[in-house]
Structure formats: structure tokens, C-alpha cells
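Enquirer: Shown below is the structure under consideration.
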Amino acid sequence: MIFFDFYVRAFSIPKPLAPLADYIKSLQRVIVADQKTFEKVIEEMKEKFSAIPKADEQFLLEVSDGAIGVYKKNTKQNFLIKIYYTPVVGMCGFDSDDVDIQPVPDDGEGYYTLPFQIRKTIKEGGVK
């Protein structure tokens with residue numbers, strides 16, 4: 001599992017980057033199930049980047065270990081959009097005896113259902 005945890009955007013970005021920035025921002029606080037799903041998210045991001053006119057001439061989309069950033073070409077130290085990600089190493093507070101918990105397969109095809117009590121809490125708008 002991979003968690004997109006922190007989104008940063010420069011104060012002013014070129015207007016053609018706005019849809020890509022919105023998409024990247026929508027990933028903040030999202031967990032993807034496995035590496036295959038993460039790669040699909042990256043591919044979708046690259047498609048949105050390629051849809052920007054002359055993007056390859058003006059900007060650079062870089063996926064590095066722990067961050068994804070969009071930079072102006074030749075000025076890599078100044079990012080325009082950046083989102084950080086990290087592998088999820090564990091989760092606390094789950095009852096391992098709960099029959100609703102299902103393991104996440106590593107092939108990107110499976111589904112993970114949360115325990116009933118957590119689903120109920122989410123539907124009710126969180127813990128009061």
C-alpha cells in the first residue's frame with residue numbers, strides 16, 4: 001500500500017497546468033493498494049501531462065523515490081507542483097480476529113473491505 005500524504009503547489013502556476021494540479025491534489029490523503037495500482041496512477045498522471053500543449057518543451061514531470069514533481073525545464077530546483085508519497089508499513093487499531101478484514105492481494109485485481117464498524121463510522125461522518 002502506498003499513501004500520498006503531502007501536496008505542495010507553487011503560489012502561481014501556468015494556466016495550462018491547472019487541470020494536472022487539480023488531479024494531483026485529488027490524490028492527497030489517498031492510499032493505493034499495491035505497486036500495480038500505483039503505476040496506473042502514474043500512467044494516468046503522465047497522460048494528463050501529455051495532454052497539455054507543448055508540455056514536453058516547457059515542463060518536466062519527474063517521479064522520484066518518495067515524490068512526484070512538475071518543474072519548469074532547466075530550473076529543476078523550483079517545483080511548480082509536488083506530491084509526496086510513502087509506503088504504508090502498518091495499520092493500528094484493527095482487530096485481527098474480525099472476519100470482515102480481508103488481505104489485499106498484490107496483483108491489483110482484488111478488493112479490500114473495511115470492517116463493519118469502520119464502514120459505519122465513515123458513513124456517519126467520523127468519530128464523534
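Every chain in the C-alpha cells takes a letter, A first, then B, and so on in the order presented; its residues are numbered from 1, and the ligands are numbered from 1 following the presented order.
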Residues near Leu61 of chain A, anyone? I mean within 10 Å using only C-alpha atoms, not counting same-chain ones fewer than 3 positions away, as a list in words.

Expert: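 Surrounding residues, per the criterion: Met45, Lys46, Phe49, Ser50, Ala55, Asp56, Ser64, Ile68, Gly69, Val70, Tyr71, Lys72, Lys73, Phe79, Ile81 and Lys82 of chain A.
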
Enquirer: Write a file of the selected residues as a PDB file, in the first residue's frame, keeping N, CA and C atoms.

Expert:
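Listing of result_18.pdb after writing:
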ATOM      1  N   MET A  45      -1.415  10.117 -14.689  1.00  0.00           N
ATOM      2  CA  MET A  45      -0.808  11.429 -14.494  1.00  0.00           C
ATOM      3  C   MET A  45       0.007  11.818 -15.734  1.00  0.00           C
ATOM      4  N   LYS A  46       0.749  10.874 -16.288  1.00  0.00           N
ATOM      5  CA  LYS A  46       1.542  11.141 -17.490  1.00  0.00           C
ATOM      6  C   LYS A  46       0.652  11.458 -18.688  1.00  0.00           C
ATOM      7  N   PHE A  49      -0.483  14.953 -18.258  1.00  0.00           N
ATOM      8  CA  PHE A  49       0.659  15.821 -18.552  1.00  0.00           C
ATOM      9  C   PHE A  49       0.856  15.943 -20.065  1.00  0.00           C
ATOM     10  N   SER A  50       0.786  14.831 -20.777  1.00  0.00           N
ATOM     11  CA  SER A  50       0.973  14.827 -22.234  1.00  0.00           C
ATOM     12  C   SER A  50      -0.139  15.568 -22.962  1.00  0.00           C
ATOM     13  N   ALA A  55       3.791  20.624 -23.464  1.00  0.00           N
ATOM     14  CA  ALA A  55       4.246  20.332 -22.099  1.00  0.00           C
ATOM     15  C   ALA A  55       5.686  19.843 -22.082  1.00  0.00           C
ATOM     16  N   ASP A  56       6.037  18.969 -23.022  1.00  0.00           N
ATOM     17  CA  ASP A  56       7.396  18.420 -23.044  1.00  0.00           C
ATOM     18  C   ASP A  56       8.451  19.487 -23.303  1.00  0.00           C
ATOM     19  N   SER A  64      10.234  10.455  -8.568  1.00  0.00           N
ATOM     20  CA  SER A  64      11.443  10.038  -7.849  1.00  0.00           C
ATOM     21  C   SER A  64      11.028   9.191  -6.652  1.00  0.00           C
ATOM     22  N   ILE A  68       6.595  13.040  -6.484  1.00  0.00           N
ATOM     23  CA  ILE A  68       6.301  13.263  -7.896  1.00  0.00           C
ATOM     24  C   ILE A  68       6.220  14.769  -8.061  1.00  0.00           C
ATOM     25  N   GLY A  69       6.976  15.305  -9.015  1.00  0.00           N
ATOM     26  CA  GLY A  69       7.011  16.749  -9.163  1.00  0.00           C
ATOM     27  C   GLY A  69       6.910  17.196 -10.604  1.00  0.00           C
ATOM     28  N   VAL A  70       6.377  18.392 -10.783  1.00  0.00           N
ATOM     29  CA  VAL A  70       6.343  19.051 -12.085  1.00  0.00           C
ATOM     30  C   VAL A  70       7.204  20.306 -11.945  1.00  0.00           C
ATOM     31  N   TYR A  71       8.178  20.423 -12.840  1.00  0.00           N
ATOM     32  CA  TYR A  71       9.140  21.522 -12.800  1.00  0.00           C
ATOM     33  C   TYR A  71       9.144  22.244 -14.132  1.00  0.00           C
ATOM     34  N   LYS A  72       9.595  23.500 -14.116  1.00  0.00           N
ATOM     35  CA  LYS A  72       9.924  24.182 -15.365  1.00  0.00           C
ATOM     36  C   LYS A  72      11.226  23.575 -15.851  1.00  0.00           C
ATOM     37  N   LYS A  73      11.330  23.378 -17.146  1.00  0.00           N
ATOM     38  CA  LYS A  73      12.574  22.822 -17.684  1.00  0.00           C
ATOM     39  C   LYS A  73      13.730  23.754 -17.374  1.00  0.00           C
ATOM     40  N   PHE A  79      10.064  23.715  -8.002  1.00  0.00           N
ATOM     41  CA  PHE A  79       8.925  22.919  -8.439  1.00  0.00           C
ATOM     42  C   PHE A  79       7.700  23.807  -8.619  1.00  0.00           C
ATOM     43  N   ILE A  81       4.500  21.925  -8.968  1.00  0.00           N
ATOM     44  CA  ILE A  81       3.550  21.041  -8.289  1.00  0.00           C
ATOM     45  C   ILE A  81       4.346  19.859  -7.756  1.00  0.00           C
ATOM     46  N   LYS A  82       4.034  19.436  -6.544  1.00  0.00           N
ATOM     47  CA  LYS A  82       4.735  18.289  -5.987  1.00  0.00           C
ATOM     48  C   LYS A  82       3.822  17.557  -5.019  1.00  0.00           C
TER      49      LYS A  82
END

Enquirer: As a compact mmCIF listing (two decimals) with N, CA and C atoms, in the first residue's frame, please: the residues near Tyr7 of chain A (cut-off 9 Å, only C-alpha atoms, same-chain neighbours under 5 positions excluded).

Expert:
# COMPACT_ATOMS: atom_id res chain seq x y z
N ILE A 24 -3.53 16.03 -9.31
CA ILE A 24 -2.52 15.64 -8.32
C ILE A 24 -3.01 15.96 -6.91
N LYS A 25 -3.67 17.11 -6.75
CA LYS A 25 -4.21 17.47 -5.43
C LYS A 25 -5.26 16.46 -4.98
N LEU A 27 -5.19 13.43 -5.23
CA LEU A 27 -4.52 12.23 -4.71
C LEU A 27 -4.08 12.39 -3.25
N GLN A 28 -4.04 13.62 -2.76
CA GLN A 28 -3.60 13.84 -1.38
C GLN A 28 -4.48 13.05 -0.42
N ARG A 29 -3.86 12.35 0.51
CA ARG A 29 -4.51 11.52 1.53
C ARG A 29 -5.18 10.28 0.93
N ILE A 81 4.50 21.93 -8.97
CA ILE A 81 3.55 21.04 -8.29
C ILE A 81 4.35 19.86 -7.76
N LYS A 82 4.03 19.44 -6.54
CA LYS A 82 4.73 18.29 -5.99
C LYS A 82 3.82 17.56 -5.02
N ILE A 83 3.88 16.23 -5.05
CA ILE A 83 3.16 15.42 -4.08
C ILE A 83 4.12 14.35 -3.58
N TYR A 84 4.13 14.17 -2.28
CA TYR A 84 4.99 13.18 -1.65
C TYR A 84 4.19 11.92 -1.37

Enquirer: What residues in segment 38-88 of chain A get the DSSP label alpha helix (DSSP H)? Please answer as JSON, numbers by chain.

Expert: {"A": [38, 39, 40, 41, 42, 43, 44, 45, 46, 47, 48, 49, 50, 55, 56, 57, 58]}

Enquirer: Write out the residues from the selection above, keeping N, CA and C atoms, as a PDB file, in the first residue's frame.

Expert:
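Contents of the output file out-v7.pdb:
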ATOM      1  N   PHE A  38      -0.416   1.771  -8.187  1.00  0.00           N
ATOM      2  CA  PHE A  38       0.406   2.984  -8.153  1.00  0.00           C
ATOM      3  C   PHE A  38       0.897   3.320  -9.560  1.00  0.00           C
ATOM      4  N   GLU A  39       1.348   2.326 -10.289  1.00  0.00           N
ATOM      5  CA  GLU A  39       1.833   2.546 -11.653  1.00  0.00           C
ATOM      6  C   GLU A  39       0.708   3.021 -12.573  1.00  0.00           C
ATOM      7  N   LYS A  40      -0.521   2.527 -12.349  1.00  0.00           N
ATOM      8  CA  LYS A  40      -1.670   3.006 -13.136  1.00  0.00           C
ATOM      9  C   LYS A  40      -1.931   4.485 -12.853  1.00  0.00           C
ATOM     10  N   VAL A  41      -1.810   4.887 -11.595  1.00  0.00           N
ATOM     11  CA  VAL A  41      -1.995   6.295 -11.224  1.00  0.00           C
ATOM     12  C   VAL A  41      -0.926   7.153 -11.913  1.00  0.00           C
ATOM     13  N   ILE A  42       0.309   6.684 -11.925  1.00  0.00           N
ATOM     14  CA  ILE A  42       1.399   7.409 -12.577  1.00  0.00           C
ATOM     15  C   ILE A  42       1.138   7.518 -14.081  1.00  0.00           C
ATOM     16  N   GLU A  43       0.668   6.443 -14.699  1.00  0.00           N
ATOM     17  CA  GLU A  43       0.358   6.473 -16.131  1.00  0.00           C
ATOM     18  C   GLU A  43      -0.744   7.485 -16.441  1.00  0.00           C
ATOM     19  N   GLU A  44      -1.775   7.516 -15.598  1.00  0.00           N
ATOM     20  CA  GLU A  44      -2.854   8.495 -15.784  1.00  0.00           C
ATOM     21  C   GLU A  44      -2.315   9.922 -15.640  1.00  0.00           C
ATOM     22  N   MET A  45      -1.415  10.117 -14.689  1.00  0.00           N
ATOM     23  CA  MET A  45      -0.808  11.429 -14.494  1.00  0.00           C
ATOM     24  C   MET A  45       0.007  11.818 -15.734  1.00  0.00           C
ATOM     25  N   LYS A  46       0.749  10.874 -16.288  1.00  0.00           N
ATOM     26  CA  LYS A  46       1.542  11.141 -17.490  1.00  0.00           C
ATOM     27  C   LYS A  46       0.652  11.458 -18.688  1.00  0.00           C
ATOM     28  N   GLU A  47      -0.505  10.789 -18.784  1.00  0.00           N
ATOM     29  CA  GLU A  47      -1.457  11.080 -19.867  1.00  0.00           C
ATOM     30  C   GLU A  47      -1.982  12.506 -19.749  1.00  0.00           C
ATOM     31  N   LYS A  48      -2.331  12.913 -18.524  1.00  0.00           N
ATOM     32  CA  LYS A  48      -2.812  14.283 -18.310  1.00  0.00           C
ATOM     33  C   LYS A  48      -1.709  15.296 -18.609  1.00  0.00           C
ATOM     34  N   PHE A  49      -0.483  14.953 -18.258  1.00  0.00           N
ATOM     35  CA  PHE A  49       0.659  15.821 -18.552  1.00  0.00           C
ATOM     36  C   PHE A  49       0.856  15.943 -20.065  1.00  0.00           C
ATOM     37  N   SER A  50       0.786  14.831 -20.777  1.00  0.00           N
ATOM     38  CA  SER A  50       0.973  14.827 -22.234  1.00  0.00           C
ATOM     39  C   SER A  50      -0.139  15.568 -22.962  1.00  0.00           C
ATOM     40  N   ALA A  55       3.791  20.624 -23.464  1.00  0.00           N
ATOM     41  CA  ALA A  55       4.246  20.332 -22.099  1.00  0.00           C
ATOM     42  C   ALA A  55       5.686  19.843 -22.082  1.00  0.00           C
ATOM     43  N   ASP A  56       6.037  18.969 -23.022  1.00  0.00           N
ATOM     44  CA  ASP A  56       7.396  18.420 -23.044  1.00  0.00           C
ATOM     45  C   ASP A  56       8.451  19.487 -23.303  1.00  0.00           C
ATOM     46  N   GLU A  57       8.067  20.559 -23.952  1.00  0.00           N
ATOM     47  CA  GLU A  57       9.019  21.626 -24.246  1.00  0.00           C
ATOM     48  C   GLU A  57       9.238  22.553 -23.046  1.00  0.00           C
ATOM     49  N   GLN A  58       8.208  22.708 -22.218  1.00  0.00           N
ATOM     50  CA  GLN A  58       8.265  23.699 -21.140  1.00  0.00           C
ATOM     51  C   GLN A  58       8.456  23.106 -19.744  1.00  0.00           C
TER      52      GLN A  58
END

Enquirer: Among segment 4-70 of chain A, which residues does DSSP mark as strand (DSSP E or B) when it is run on the backbone? Keep the chain and numbering as in the structure and answer as a list in words.

Expert: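 For segment 4-70 of chain A, the strand (DSSP E or B) set is Phe4, Asp5, Phe6, Tyr7, Val8, Arg9, Val30, Ile31, Val32, Phe59, Leu60, Leu61, Glu62, Val63, Ser64, Ala67, Ile68, Gly69 and Val70 of chain A.
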